[in-house]
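Visitor: Next comes the structure file input.tsv, holding TSV, C-alpha atoms.
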```tsv
chain	number	residue	atom	x	y	z
A	174	MET	CA	-195.49	16.96	10.04
A	175	PHE	CA	-196.17	19.73	12.53
A	176	ARG	CA	-198.91	17.72	14.24
A	177	THR	CA	-196.67	14.63	14.52
A	178	SER	CA	-193.83	16.71	15.95
A	179	LEU	CA	-196.16	18.41	18.41
A	180	LEU	CA	-197.58	15.08	19.59
A	181	ALA	CA	-194.07	13.71	20.00
A	182	ALA	CA	-193.15	16.72	22.10
A	183	VAL	CA	-196.22	16.27	24.27
A	184	SER	CA	-195.36	12.61	24.81
A	185	VAL	CA	-191.84	13.56	25.91
A	186	ILE	CA	-193.23	16.04	28.44
A	187	ALA	CA	-195.86	13.60	29.72
A	188	VAL	CA	-193.78	10.43	29.86
A	189	GLY	CA	-190.25	11.68	30.40
A	190	PRO	CA	-187.03	12.19	28.52
A	191	THR	CA	-186.89	8.56	27.34
A	192	ALA	CA	-190.06	8.97	25.22
A	193	HIS	CA	-189.67	9.12	21.45
A	194	ALA	CA	-192.06	9.93	18.60
A	195	ALA	CA	-192.15	6.23	17.68
A	196	ASP	CA	-193.51	5.46	21.15
A	197	TYR	CA	-196.65	7.47	20.47
A	198	ASN	CA	-199.56	6.17	18.36
A	199	TYR	CA	-202.83	7.86	17.58
A	200	THR	CA	-205.79	7.28	15.27
A	201	PHE	CA	-208.38	9.77	14.07
A	202	TYR	CA	-211.53	7.93	13.02
A	203	GLY	CA	-215.22	8.34	12.39
A	204	LYS	CA	-218.47	6.86	11.16
A	205	VAL	CA	-221.30	8.45	9.18
A	206	ASP	CA	-224.73	6.81	9.33
A	207	ALA	CA	-227.76	8.46	7.73
A	208	PHE	CA	-231.14	6.94	6.94
A	209	ALA	CA	-234.69	7.67	5.82
A	210	GLU	CA	-237.72	6.04	7.42
A	211	TYR	CA	-241.47	5.75	7.02
A	212	ASP	CA	-243.54	4.92	10.12
A	213	TRP	CA	-247.19	3.99	10.28
A	214	GLY	CA	-249.78	2.07	12.29
A	215	GLY	CA	-250.28	4.40	15.23
A	216	ASN	CA	-253.46	6.34	16.02
A	217	GLU	CA	-251.47	9.59	16.06
A	218	GLY	CA	-250.71	9.38	12.34
A	219	ASN	CA	-247.84	8.45	10.05
A	220	ARG	CA	-244.31	9.86	9.90
A	221	ILE	CA	-241.63	10.45	7.26
A	222	ALA	CA	-238.16	11.39	8.46
A	223	VAL	CA	-234.52	11.62	7.51
A	224	ASP	CA	-232.31	10.97	10.50
A	225	SER	CA	-228.84	10.11	11.75
A	226	GLY	CA	-227.71	6.89	13.41
A	227	GLY	CA	-229.69	3.97	12.04
A	228	LEU	CA	-227.53	0.89	12.58
A	229	ALA	CA	-224.82	2.85	14.41
A	230	GLY	CA	-224.40	6.36	15.73
A	231	THR	CA	-222.52	8.93	13.66
A	232	ARG	CA	-219.27	9.84	15.44
A	233	LEU	CA	-215.87	11.45	15.35
A	234	GLY	CA	-213.08	10.32	17.62
A	235	VAL	CA	-209.42	10.10	18.40
A	236	LYS	CA	-207.64	7.38	20.35
A	237	GLY	CA	-204.04	6.60	21.08
A	238	ASP	CA	-201.37	5.27	23.36
A	239	ILE	CA	-197.94	6.21	24.69
A	240	SER	CA	-195.34	3.63	25.64
A	241	LEU	CA	-194.42	3.47	29.32
A	242	ALA	CA	-191.71	0.87	28.79
A	243	ASN	CA	-189.39	2.94	30.97
A	244	ILE	CA	-191.70	2.01	33.87
A	245	ALA	CA	-192.64	-1.58	32.95
A	246	PRO	CA	-192.41	-3.78	29.82
A	247	ASP	CA	-195.49	-3.62	27.53
A	248	LEU	CA	-197.09	-0.91	29.71
A	249	LYS	CA	-198.91	1.87	27.84
A	250	ALA	CA	-200.92	4.95	28.70
A	251	ILE	CA	-204.11	4.97	26.63
A	252	TYR	CA	-206.94	7.39	25.90
A	253	GLN	CA	-210.04	7.79	23.75
A	254	LEU	CA	-212.28	10.79	23.06
A	255	GLU	CA	-215.39	10.25	20.92
A	256	ALA	CA	-218.13	12.70	20.00
A	257	GLY	CA	-221.60	11.71	18.83
A	258	LEU	CA	-223.11	13.74	15.98
A	259	PHE	CA	-226.38	14.03	14.09
A	260	VAL	CA	-225.17	14.12	10.51
A	261	THR	CA	-228.55	15.40	9.27
A	262	ASN	CA	-228.39	18.65	11.26
A	263	GLY	CA	-224.84	18.95	12.59
A	264	HIS	CA	-225.85	18.88	16.26
A	265	LEU	CA	-223.85	17.11	18.94
A	266	GLY	CA	-225.43	13.97	20.41
A	267	GLN	CA	-225.65	12.82	24.03
A	268	GLY	CA	-227.24	16.07	25.17
A	269	GLY	CA	-224.71	18.31	23.43
A	270	ARG	CA	-221.59	16.87	25.10
A	271	LEU	CA	-218.33	17.44	23.27
A	272	ALA	CA	-217.17	13.85	23.90
A	273	GLY	CA	-220.48	12.31	24.86
A	274	ARG	CA	-219.94	8.83	23.47
A	275	GLN	CA	-216.65	8.08	25.22
A	276	ALA	CA	-214.04	10.06	27.13
A	277	TYR	CA	-211.49	8.13	29.13
A	278	ALA	CA	-207.82	7.61	29.91
A	279	GLY	CA	-205.92	4.82	31.57
A	280	VAL	CA	-203.17	2.24	31.36
A	281	ALA	CA	-202.88	-1.10	29.55
A	282	GLY	CA	-200.44	-3.97	29.90
A	283	ARG	CA	-200.14	-7.68	30.47
A	284	PHE	CA	-202.51	-7.33	33.42
A	285	GLY	CA	-205.31	-5.96	31.20
A	286	THR	CA	-206.58	-2.37	31.09
A	287	LEU	CA	-207.64	0.11	33.76
A	288	THR	CA	-209.50	3.20	32.55
A	289	VAL	CA	-211.41	6.09	34.10
A	290	GLY	CA	-213.94	8.47	32.55
A	291	ARG	CA	-217.19	8.27	30.61
A	292	GLN	CA	-217.46	4.69	29.37
A	293	TYR	CA	-219.79	1.98	28.09
A	294	THR	CA	-221.07	-0.40	30.73
A	295	PRO	CA	-220.19	-4.11	30.85
A	296	LEU	CA	-223.95	-4.80	30.70
A	297	LEU	CA	-224.41	-2.88	27.45
A	298	ASN	CA	-221.36	-4.49	25.83
A	299	THR	CA	-222.67	-7.95	26.72
A	300	ILE	CA	-226.19	-7.36	25.43
A	301	ALA	CA	-224.94	-5.82	22.17
A	302	THR	CA	-222.69	-8.86	21.61
A	303	PHE	CA	-225.69	-11.20	21.52
A	304	ASP	CA	-228.09	-8.91	19.67
A	305	SER	CA	-228.14	-9.81	15.97
A	306	PHE	CA	-228.91	-6.14	15.14
A	307	GLY	CA	-226.10	-4.85	17.37
A	308	GLN	CA	-228.65	-2.40	18.80
A	309	GLY	CA	-229.34	-1.04	15.33
A	310	TYR	CA	-232.64	0.23	13.91
A	311	GLY	CA	-235.51	-2.03	14.99
A	312	SER	CA	-233.49	-3.90	17.61
A	313	PRO	CA	-235.45	-4.86	20.75
A	314	THR	CA	-232.42	-3.85	22.84
A	315	ASN	CA	-232.55	-0.34	21.39
A	316	ASP	CA	-236.32	0.06	21.26
A	317	GLY	CA	-237.07	-0.93	24.87
A	318	GLN	CA	-238.21	-4.54	24.84
A	319	VAL	CA	-234.85	-5.65	26.30
A	320	SER	CA	-233.23	-3.25	28.80
A	321	PHE	CA	-229.55	-2.31	28.95
A	322	GLY	CA	-229.93	-0.34	32.19
A	323	LEU	CA	-230.68	3.30	32.82
A	324	ASP	CA	-227.99	4.44	30.39
A	325	SER	CA	-225.59	2.86	27.93
A	326	ARG	CA	-222.60	4.67	29.46
A	327	TYR	CA	-221.75	6.23	32.80
A	328	ASP	CA	-219.73	9.25	33.87
A	329	ASN	CA	-217.01	8.97	36.52
A	330	ALA	CA	-216.59	5.27	35.75
A	331	LEU	CA	-213.58	3.18	36.71
A	332	VAL	CA	-213.37	0.06	34.50
A	333	TYR	CA	-210.97	-2.86	34.72
A	334	ALA	CA	-210.82	-5.33	31.81
A	335	THR	CA	-208.85	-8.56	32.11
A	336	PRO	CA	-206.67	-9.79	29.26
A	337	ASP	CA	-208.04	-12.57	27.09
A	338	MET	CA	-207.38	-15.89	28.80
A	339	SER	CA	-207.97	-18.62	26.19
A	340	GLY	CA	-211.28	-17.04	25.21
A	341	LEU	CA	-212.30	-16.04	28.74
A	342	SER	CA	-212.45	-12.37	29.76
A	343	ALA	CA	-214.14	-10.15	32.33
A	344	ASN	CA	-214.94	-6.47	32.93
A	345	VAL	CA	-215.68	-4.73	36.23
A	346	MET	CA	-217.10	-1.19	36.51
A	347	VAL	CA	-217.68	1.20	39.39
A	348	ALA	CA	-219.29	4.56	38.59
A	349	ALA	CA	-219.25	7.01	41.49
A	350	GLY	CA	-222.29	9.21	42.04
A	351	GLY	CA	-220.07	11.93	43.49
A	352	GLU	CA	-222.63	13.58	45.80
A	353	THR	CA	-221.82	14.81	49.28
A	354	GLY	CA	-223.40	12.66	51.96
A	355	LYS	CA	-224.41	9.99	49.47
A	356	THR	CA	-221.37	7.75	49.27
A	357	GLY	CA	-223.54	4.69	48.60
A	358	ASN	CA	-225.27	6.15	45.55
A	359	ASN	CA	-223.12	4.49	42.91
A	360	THR	CA	-223.39	2.05	40.02
A	361	THR	CA	-221.54	-1.24	39.90
A	362	GLY	CA	-221.40	-3.73	37.06
A	363	LEU	CA	-219.49	-6.69	35.74
A	364	ASN	CA	-219.52	-9.25	32.97
A	365	LEU	CA	-217.90	-12.57	32.14
A	366	MET	CA	-217.45	-13.54	28.50
A	367	TYR	CA	-216.27	-16.70	26.76
A	368	VAL	CA	-215.61	-16.80	23.01
A	369	SER	CA	-213.99	-19.82	21.40
A	370	GLY	CA	-214.44	-20.81	17.78
A	371	PRO	CA	-218.13	-20.71	16.82
A	372	LEU	CA	-219.37	-20.48	20.43
A	373	GLY	CA	-219.97	-17.34	22.44
A	374	LEU	CA	-221.30	-17.09	26.01
A	375	GLY	CA	-221.78	-14.14	28.32
A	376	VAL	CA	-223.35	-13.04	31.59
A	377	ALA	CA	-223.62	-9.52	33.02
A	378	TYR	CA	-224.84	-7.84	36.19
A	379	GLN	CA	-225.46	-4.18	36.96
A	380	ARG	CA	-226.82	-2.38	40.02
A	381	ASP	CA	-227.66	1.32	39.95
A	382	ASP	CA	-228.17	2.32	43.59
A	383	HIS	CA	-229.72	5.80	43.52
A	384	ASN	CA	-227.14	7.01	40.98
A	385	LEU	CA	-229.22	7.71	37.86
A	386	ALA	CA	-232.22	6.06	39.56
A	387	GLU	CA	-232.56	8.79	42.19
A	388	ALA	CA	-235.76	7.37	43.70
A	389	GLY	CA	-234.67	3.75	43.91
A	390	THR	CA	-232.36	0.95	42.86
A	391	VAL	CA	-232.37	-0.80	39.48
A	392	ARG	CA	-230.74	-4.20	39.08
A	393	ASN	CA	-230.15	-5.84	35.69
A	394	VAL	CA	-229.07	-9.41	35.00
A	395	PHE	CA	-228.48	-10.70	31.46
A	396	ALA	CA	-227.25	-13.98	29.99
A	397	GLY	CA	-226.58	-14.49	26.29
A	398	ALA	CA	-225.22	-17.03	23.84
A	399	SER	CA	-224.30	-17.30	20.17
A	400	TYR	CA	-223.25	-20.07	17.80
A	401	LYS	CA	-222.10	-19.90	14.20
A	402	LEU	CA	-222.77	-22.87	11.95
A	403	GLY	CA	-221.64	-22.32	8.39
A	404	PRO	CA	-223.23	-19.14	7.03
A	405	VAL	CA	-225.68	-18.80	9.95
A	406	LYS	CA	-224.93	-17.22	13.31
A	407	VAL	CA	-227.71	-17.66	15.88
A	408	MET	CA	-227.77	-15.23	18.80
A	409	GLY	CA	-229.98	-14.54	21.79
A	410	GLY	CA	-230.32	-13.82	25.47
A	411	TYR	CA	-232.52	-13.46	28.54
A	412	GLY	CA	-232.76	-10.50	30.88
A	413	ASP	CA	-234.24	-9.89	34.31
A	414	VAL	CA	-234.77	-6.36	35.64
A	415	ARG	CA	-235.81	-5.49	39.19
A	416	THR	CA	-236.69	-1.92	40.14
A	417	SER	CA	-236.99	-1.15	43.87
A	418	LEU	CA	-238.55	2.26	44.45
A	419	ASP	CA	-238.19	4.00	47.80
A	420	ALA	CA	-241.90	4.80	47.98
A	421	ALA	CA	-243.24	1.53	46.59
A	422	GLY	CA	-242.49	-2.17	46.16
A	423	VAL	CA	-240.42	-4.07	43.63
A	424	ALA	CA	-241.28	-4.23	39.92
A	425	ARG	CA	-239.84	-7.21	38.06
A	426	ARG	CA	-239.48	-7.32	34.28
A	427	LYS	CA	-238.78	-10.38	32.11
A	428	GLU	CA	-237.11	-9.89	28.74
A	429	TRP	CA	-235.61	-12.03	26.00
A	430	LEU	CA	-234.44	-11.85	22.41
A	431	LEU	CA	-233.53	-14.26	19.63
A	432	GLY	CA	-231.97	-13.48	16.27
A	433	ALA	CA	-229.67	-14.52	13.46
A	434	GLN	CA	-227.15	-13.13	11.00
A	435	ILE	CA	-227.09	-15.07	7.73
A	436	ASP	CA	-224.42	-14.74	5.02
A	437	VAL	CA	-226.70	-15.01	1.99
A	438	THR	CA	-224.23	-13.71	-0.59
A	439	ARG	CA	-220.54	-12.83	-0.53
A	440	ASN	CA	-221.32	-9.23	0.45
A	441	GLY	CA	-224.91	-9.41	1.66
A	442	GLN	CA	-226.29	-10.41	5.05
A	443	LEU	CA	-229.84	-11.05	6.25
A	444	TRP	CA	-230.44	-10.05	9.87
A	445	LEU	CA	-233.43	-11.28	11.89
A	446	ASP	CA	-234.36	-10.17	15.40
A	447	TYR	CA	-237.25	-10.95	17.75
A	448	GLY	CA	-237.64	-9.63	21.27
A	449	VAL	CA	-240.23	-9.54	24.05
A	450	GLY	CA	-240.40	-7.58	27.29
A	451	LYS	CA	-243.07	-7.53	30.01
A	452	THR	CA	-243.29	-6.24	33.56
A	453	LYS	CA	-244.79	-8.76	35.93
A	454	GLU	CA	-248.23	-7.77	37.28
A	455	ALA	CA	-248.26	-4.50	35.32
A	456	SER	CA	-251.79	-3.20	34.87
A	457	PRO	CA	-252.58	-2.64	32.10
A	458	SER	CA	-250.14	-5.11	30.59
A	459	ASP	CA	-247.02	-3.43	29.20
A	460	LYS	CA	-245.90	-6.38	27.09
A	461	SER	CA	-244.27	-5.32	23.81
A	462	THR	CA	-242.98	-7.53	21.00
A	463	ALA	CA	-240.47	-6.43	18.35
A	464	MET	CA	-240.00	-8.27	15.05
A	465	SER	CA	-237.40	-6.94	12.61
A	466	ALA	CA	-235.61	-8.00	9.44
A	467	ALA	CA	-232.74	-6.23	7.69
A	468	TRP	CA	-230.59	-6.61	4.61
A	469	VAL	CA	-227.05	-5.24	4.95
A	470	GLN	CA	-225.12	-4.92	1.69
A	471	THR	CA	-221.39	-4.24	1.87
A	472	LEU	CA	-220.24	-2.01	-0.99
A	473	THR	CA	-216.59	-1.55	-0.05
A	474	GLU	CA	-214.48	-2.19	3.04
A	475	GLN	CA	-215.70	1.15	4.39
A	476	ALA	CA	-219.21	1.58	2.93
A	477	ARG	CA	-222.50	-0.31	3.20
A	478	VAL	CA	-226.21	0.22	2.67
A	479	TYR	CA	-229.04	-1.30	4.70
A	480	PHE	CA	-232.78	-1.87	4.48
A	481	VAL	CA	-234.90	-2.56	7.58
A	482	ALA	CA	-238.53	-3.58	8.19
A	483	SER	CA	-239.79	-3.60	11.78
A	484	VAL	CA	-243.11	-4.24	13.57
A	485	HIS	CA	-243.82	-3.53	17.25
A	486	GLU	CA	-246.94	-5.02	18.84
A	487	ASN	CA	-247.88	-3.28	22.10
A	488	ASP	CA	-250.29	-4.22	24.86
A	489	PRO	CA	-252.47	-1.40	26.31
A	490	GLY	CA	-249.70	-0.36	28.73
A	491	ALA	CA	-246.91	-0.03	26.14
A	492	ALA	CA	-246.13	2.34	23.27
A	493	LEU	CA	-242.73	1.21	21.98
A	494	VAL	CA	-241.63	1.97	18.41
A	495	PRO	CA	-238.67	1.24	16.11
A	496	VAL	CA	-235.84	3.77	16.49
A	497	GLY	CA	-232.23	4.07	15.39
A	498	THR	CA	-229.23	3.94	17.66
A	499	ALA	CA	-228.98	7.73	17.81
A	500	SER	CA	-232.23	9.03	16.30
A	501	SER	CA	-232.94	12.60	17.34
A	502	SER	CA	-236.67	11.87	17.52
A	503	ALA	CA	-239.01	8.89	17.33
A	504	TYR	CA	-242.41	7.95	16.00
A	505	SER	CA	-245.20	8.68	18.49
A	506	VAL	CA	-247.98	6.14	19.00
A	507	SER	CA	-250.74	5.63	21.54
A	508	PRO	CA	-250.48	2.80	24.10
A	509	GLY	CA	-251.65	-0.45	22.56
A	510	ASP	CA	-250.86	0.58	18.97
A	511	THR	CA	-248.94	-1.61	16.54
A	512	ALA	CA	-246.07	0.48	15.18
A	513	LYS	CA	-244.56	-0.38	11.80
A	514	ALA	CA	-241.56	1.04	10.01
A	515	LEU	CA	-239.41	0.81	6.90
A	516	ALA	CA	-235.92	2.33	6.80
A	517	VAL	CA	-233.12	2.60	4.25
A	518	GLY	CA	-229.70	3.91	5.19
A	519	PHE	CA	-226.04	4.34	4.33
A	520	GLN	CA	-222.91	3.92	6.45
A	521	TYR	CA	-219.35	5.03	5.84
A	522	ASP	CA	-216.36	4.38	8.11
A	523	PHE	CA	-213.12	6.32	8.00
```
Could you take the file, read its structure, and then write that structure out as structure tokens?

Guide:
Amino acid sequence: MFRTSLLAAVSVIAVGPTAHAADYNYTFYGKVDAFAEYDWGGNEGNRIAVDSGGLAGTRLGVKGDISLANIAPDLKAIYQLEAGLFVTNGHLGQGGRLAGRQAYAGVAGRFGTLTVGRQYTPLLNTIATFDSFGQGYGSPTNDGQVSFGLDSRYDNALVYATPDMSGLSANVMVAAGGETGKTGNNTTGLNLMYVSGPLGLGVAYQRDDHNLAEAGTVRNVFAGASYKLGPVKVMGGYGDVRTSLDAAGVARRKEWLLGAQIDVTRNGQLWLDYGVGKTKEASPSDKSTAMSAAWVQTLTEQARVYFVASVHENDPGAALVPVGTASSSAYSVSPGDTAKALAVGFQYDF
């Protein structure tokens, strides 16, 4: 009762005397994801580990909104703060940030939403939508075969998201580098999505101009599609990455993935994922192929268990391995090794 009264008081101070407790909504939420894995196949030896963040990162968060109807109908102030955690050791994720997963505030209304802070990129959201593993353990979009840019989220990001228009929506992001004398060193990105019935389509573009890529510019383009036919949902996409270094030429990387989610039983799904990435004219070849299969068993509305098998075949210039979405460490292999892994995990949402 005290917390509700306090939040109502804060909303009155922030919004004005017309604000009421009923105008304020908030949700405290979280996810726990822990798993065990066995890795083998590399020349550096095998590995046994218990880790956090297999199919999804462990997190704690709070989000909410305050009505601004006294300014405009349906207008709300919104916010979200989300911390990443390693449930196996209690450490904070994202380099020890208190709200490293997401930290933003903004407004939402009939026009869409406008938010500022640390946020996921439109590129990442698009790729994850068409990845059958959702960037979970063994996914080529999490392991490196298919790139989602230099980071999955950016600081100082201004994001505008349109409302849904008969299945069509778009997001635009500008992340300011914030350095004196370097006003052009920013990151821009956008996506366009269409979801109607069983069909999903999406395209995304991102350009990091000396923001995180201090010695050059990295440009990502991705196009994806999905279609659900009965119990089978087929998903996939193609990516093109161009890296322009100040002291060298342009490196171009071709990437693609194909997967499926299959409702085998009422509460059990089979996930399949296949992805390939290769930099053009790389010497030695850095081509890497990921092949993964998972069984996800839903126990209750909030709990599920999962089993994953993954194989990564690397050319002499690559050393990619299966990892979780927020694993604190990864299996080490030598370039050219074939890395294999088995994982079993548990998830709980609250």

Visitor: Compile the contact shell of Leu341 (chain A) as an MDAnalysis selection string: residues with an atom at most 9 Å away, counting all atoms listed in the file, same-chain residues fewer than 5 positions apart removed.

Guide: chainID A and resid 335:336 365:369

Visitor: Would you mind telling me which residue in A:Gly422, A:Gly311, A:Gly351, A:Gly269 lies nearest to Pro495 (chain A) when using all atoms listed in the file?

Guide: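 Residue with the minimum atom-to-atom distance to Pro495 (chain A): A:Gly311.
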
Visitor: Quick check, in Å to one decimal: how far apart do CA of Gln470 (chain A) and CA of Pro371 (chain A) lie?

Guide: 23.0 Å

Visitor: Return the single residue from A:Gly226, A:Gly215, A:Gly203, A:Gly357 that is closest to Glu387 (chain A), with distances computed using only C-alpha atoms.

Guide: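 The shortest atom-to-atom distance to Glu387 (chain A) comes from A:Gly357.
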
Visitor: Please provide as a list in words all residues within 12 Å of Gly403 (chain A), with the sequence filter that same-chain residues fewer than 2 positions apart are discarded (counting all atoms listed in the file).

Guide: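 Close residues of Gly403 (chain A): Gly370, Pro371, Tyr400, Lys401, Val405, Lys406, Val407, Gln434, Ile435, Asp436 and Val437 of chain A.
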
Visitor: Sort by chain and increasing residue number a table of all residues of region 198-317 of chain A within 8 Å of region 321-324 of chain A, each with its closest pair of atoms and their distance in Å to one decimal, counting only C-alpha atoms, and write it as a tab-separated table.

Guide:
```
residue	atom	partner	partner_atom	distance
A:Leu296	CA	A:Phe321	CA	6.4
A:Leu297	CA	A:Phe321	CA	5.4
A:Ile300	CA	A:Phe321	CA	7.0
A:Thr314	CA	A:Phe321	CA	6.9
```

Visitor: Quick one: residues within 12 Å of (-220.7, -4.7, 1.5) (file frame), counting all atoms listed in the file, please, as a ChimeraX atom specification.

Guide: /A:436-442,468-479,519-521

Visitor: How many Å lie between CA of Glu255 (chain A) and CA of Val235 (chain A), rounded to one decimal?

Guide: 6.5 Å

Visitor: Excluding Asp419 (chain A) and residues on its chain fewer than 5 positions from it, collect all residues at most 10 Å away from it, counting all atoms listed in the file, and give them as number ranges by chain.

Guide: A: 383, 387-390

Visitor: Write the residues of the selection above to a file with C-alpha atoms, as a tab-separated table (two decimals), keeping the file's coordinate frame.

Guide:
```
chain	number	residue	atom	x	y	z
A	383	HIS	CA	-229.72	5.80	43.52
A	387	GLU	CA	-232.56	8.79	42.19
A	388	ALA	CA	-235.76	7.37	43.70
A	389	GLY	CA	-234.67	3.75	43.91
A	390	THR	CA	-232.36	0.95	42.86
```

Visitor: Looking at A:Ala455, A:Ile221, A:Ala245, A:Met338, which one is nearest to Ala514 (chain A), with distances taken over all atoms listed in the file?

Guide: A:Ile221

Visitor: Record the distance separating CA of Leu374 (chain A) and CA of Trp429 (chain A), expressed in Å with one decimal.

Guide: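 Result for CA of Leu374 (chain A) versus CA of Trp429 (chain A): 15.2 Å, one decimal.
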
Visitor: From (-233.2, -5.0, 18.9), in the file's coordinates, out to 10 Å: which residues are reached, counting only C-alpha atoms? Answer as a VMD selection string.

Guide: chain A and resid 300 to 301 304 to 319 430 to 432 445 to 449 463 to 465 483 495 to 498

Visitor: Could you write those residues out with C-alpha atoms, as a PDB file, in the coordinates of the input?

Guide:
```
ATOM      1  CA  ILE A 300    -226.190  -7.360  25.430  1.00  0.00           C
ATOM      2  CA  ALA A 301    -224.940  -5.820  22.170  1.00  0.00           C
ATOM      3  CA  ASP A 304    -228.090  -8.910  19.670  1.00  0.00           C
ATOM      4  CA  SER A 305    -228.140  -9.810  15.970  1.00  0.00           C
ATOM      5  CA  PHE A 306    -228.910  -6.140  15.140  1.00  0.00           C
ATOM      6  CA  GLY A 307    -226.100  -4.850  17.370  1.00  0.00           C
ATOM      7  CA  GLN A 308    -228.650  -2.400  18.800  1.00  0.00           C
ATOM      8  CA  GLY A 309    -229.340  -1.040  15.330  1.00  0.00           C
ATOM      9  CA  TYR A 310    -232.640   0.230  13.910  1.00  0.00           C
ATOM     10  CA  GLY A 311    -235.510  -2.030  14.990  1.00  0.00           C
ATOM     11  CA  SER A 312    -233.490  -3.900  17.610  1.00  0.00           C
ATOM     12  CA  PRO A 313    -235.450  -4.860  20.750  1.00  0.00           C
ATOM     13  CA  THR A 314    -232.420  -3.850  22.840  1.00  0.00           C
ATOM     14  CA  ASN A 315    -232.550  -0.340  21.390  1.00  0.00           C
ATOM     15  CA  ASP A 316    -236.320   0.060  21.260  1.00  0.00           C
ATOM     16  CA  GLY A 317    -237.070  -0.930  24.870  1.00  0.00           C
ATOM     17  CA  GLN A 318    -238.210  -4.540  24.840  1.00  0.00           C
ATOM     18  CA  VAL A 319    -234.850  -5.650  26.300  1.00  0.00           C
ATOM     19  CA  LEU A 430    -234.440 -11.850  22.410  1.00  0.00           C
ATOM     20  CA  LEU A 431    -233.530 -14.260  19.630  1.00  0.00           C
ATOM     21  CA  GLY A 432    -231.970 -13.480  16.270  1.00  0.00           C
ATOM     22  CA  LEU A 445    -233.430 -11.280  11.890  1.00  0.00           C
ATOM     23  CA  ASP A 446    -234.360 -10.170  15.400  1.00  0.00           C
ATOM     24  CA  TYR A 447    -237.250 -10.950  17.750  1.00  0.00           C
ATOM     25  CA  GLY A 448    -237.640  -9.630  21.270  1.00  0.00           C
ATOM     26  CA  VAL A 449    -240.230  -9.540  24.050  1.00  0.00           C
ATOM     27  CA  ALA A 463    -240.470  -6.430  18.350  1.00  0.00           C
ATOM     28  CA  MET A 464    -240.000  -8.270  15.050  1.00  0.00           C
ATOM     29  CA  SER A 465    -237.400  -6.940  12.610  1.00  0.00           C
ATOM     30  CA  SER A 483    -239.790  -3.600  11.780  1.00  0.00           C
ATOM     31  CA  PRO A 495    -238.670   1.240  16.110  1.00  0.00           C
ATOM     32  CA  VAL A 496    -235.840   3.770  16.490  1.00  0.00           C
ATOM     33  CA  GLY A 497    -232.230   4.070  15.390  1.00  0.00           C
ATOM     34  CA  THR A 498    -229.230   3.940  17.660  1.00  0.00           C
TER      35      THR A 498
END
```

Visitor: For Tyr411 (chain A), please output as a VMD selection string all residues within 6 Å (counting all atoms listed in the file; exclusion window: fewer than 4 positions along the same chain).

Guide: chain A and resid 395 to 396 428 to 429

Visitor: Which is closer to Asp459 (chain A) than all the others in A:Gly273, A:Gly490, A:Gly290, A:Gly350, using only C-alpha atoms?

Guide: A:Gly490

Visitor: Produce the centre coordinates and the three edge lengths, each in Å to one decimal, of the box along x, y and z that contains all listed atoms of region 211-229 of chain A with 3 Å added on each side, as lines of an AutoDock Vina configuration file.

Guide:
```
center_x = -239.1
center_y = 6.3
center_z = 11.5
size_x = 34.6
size_y = 16.7
size_z = 15.0
```

Visitor: Between A:Ala348, A:Ala377, A:Ala207, A:Leu233, which is the closest to Leu265 (chain A) once you count all atoms listed in the file?

Guide: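 Selected residue with least distance to Leu265 (chain A): A:Leu233.
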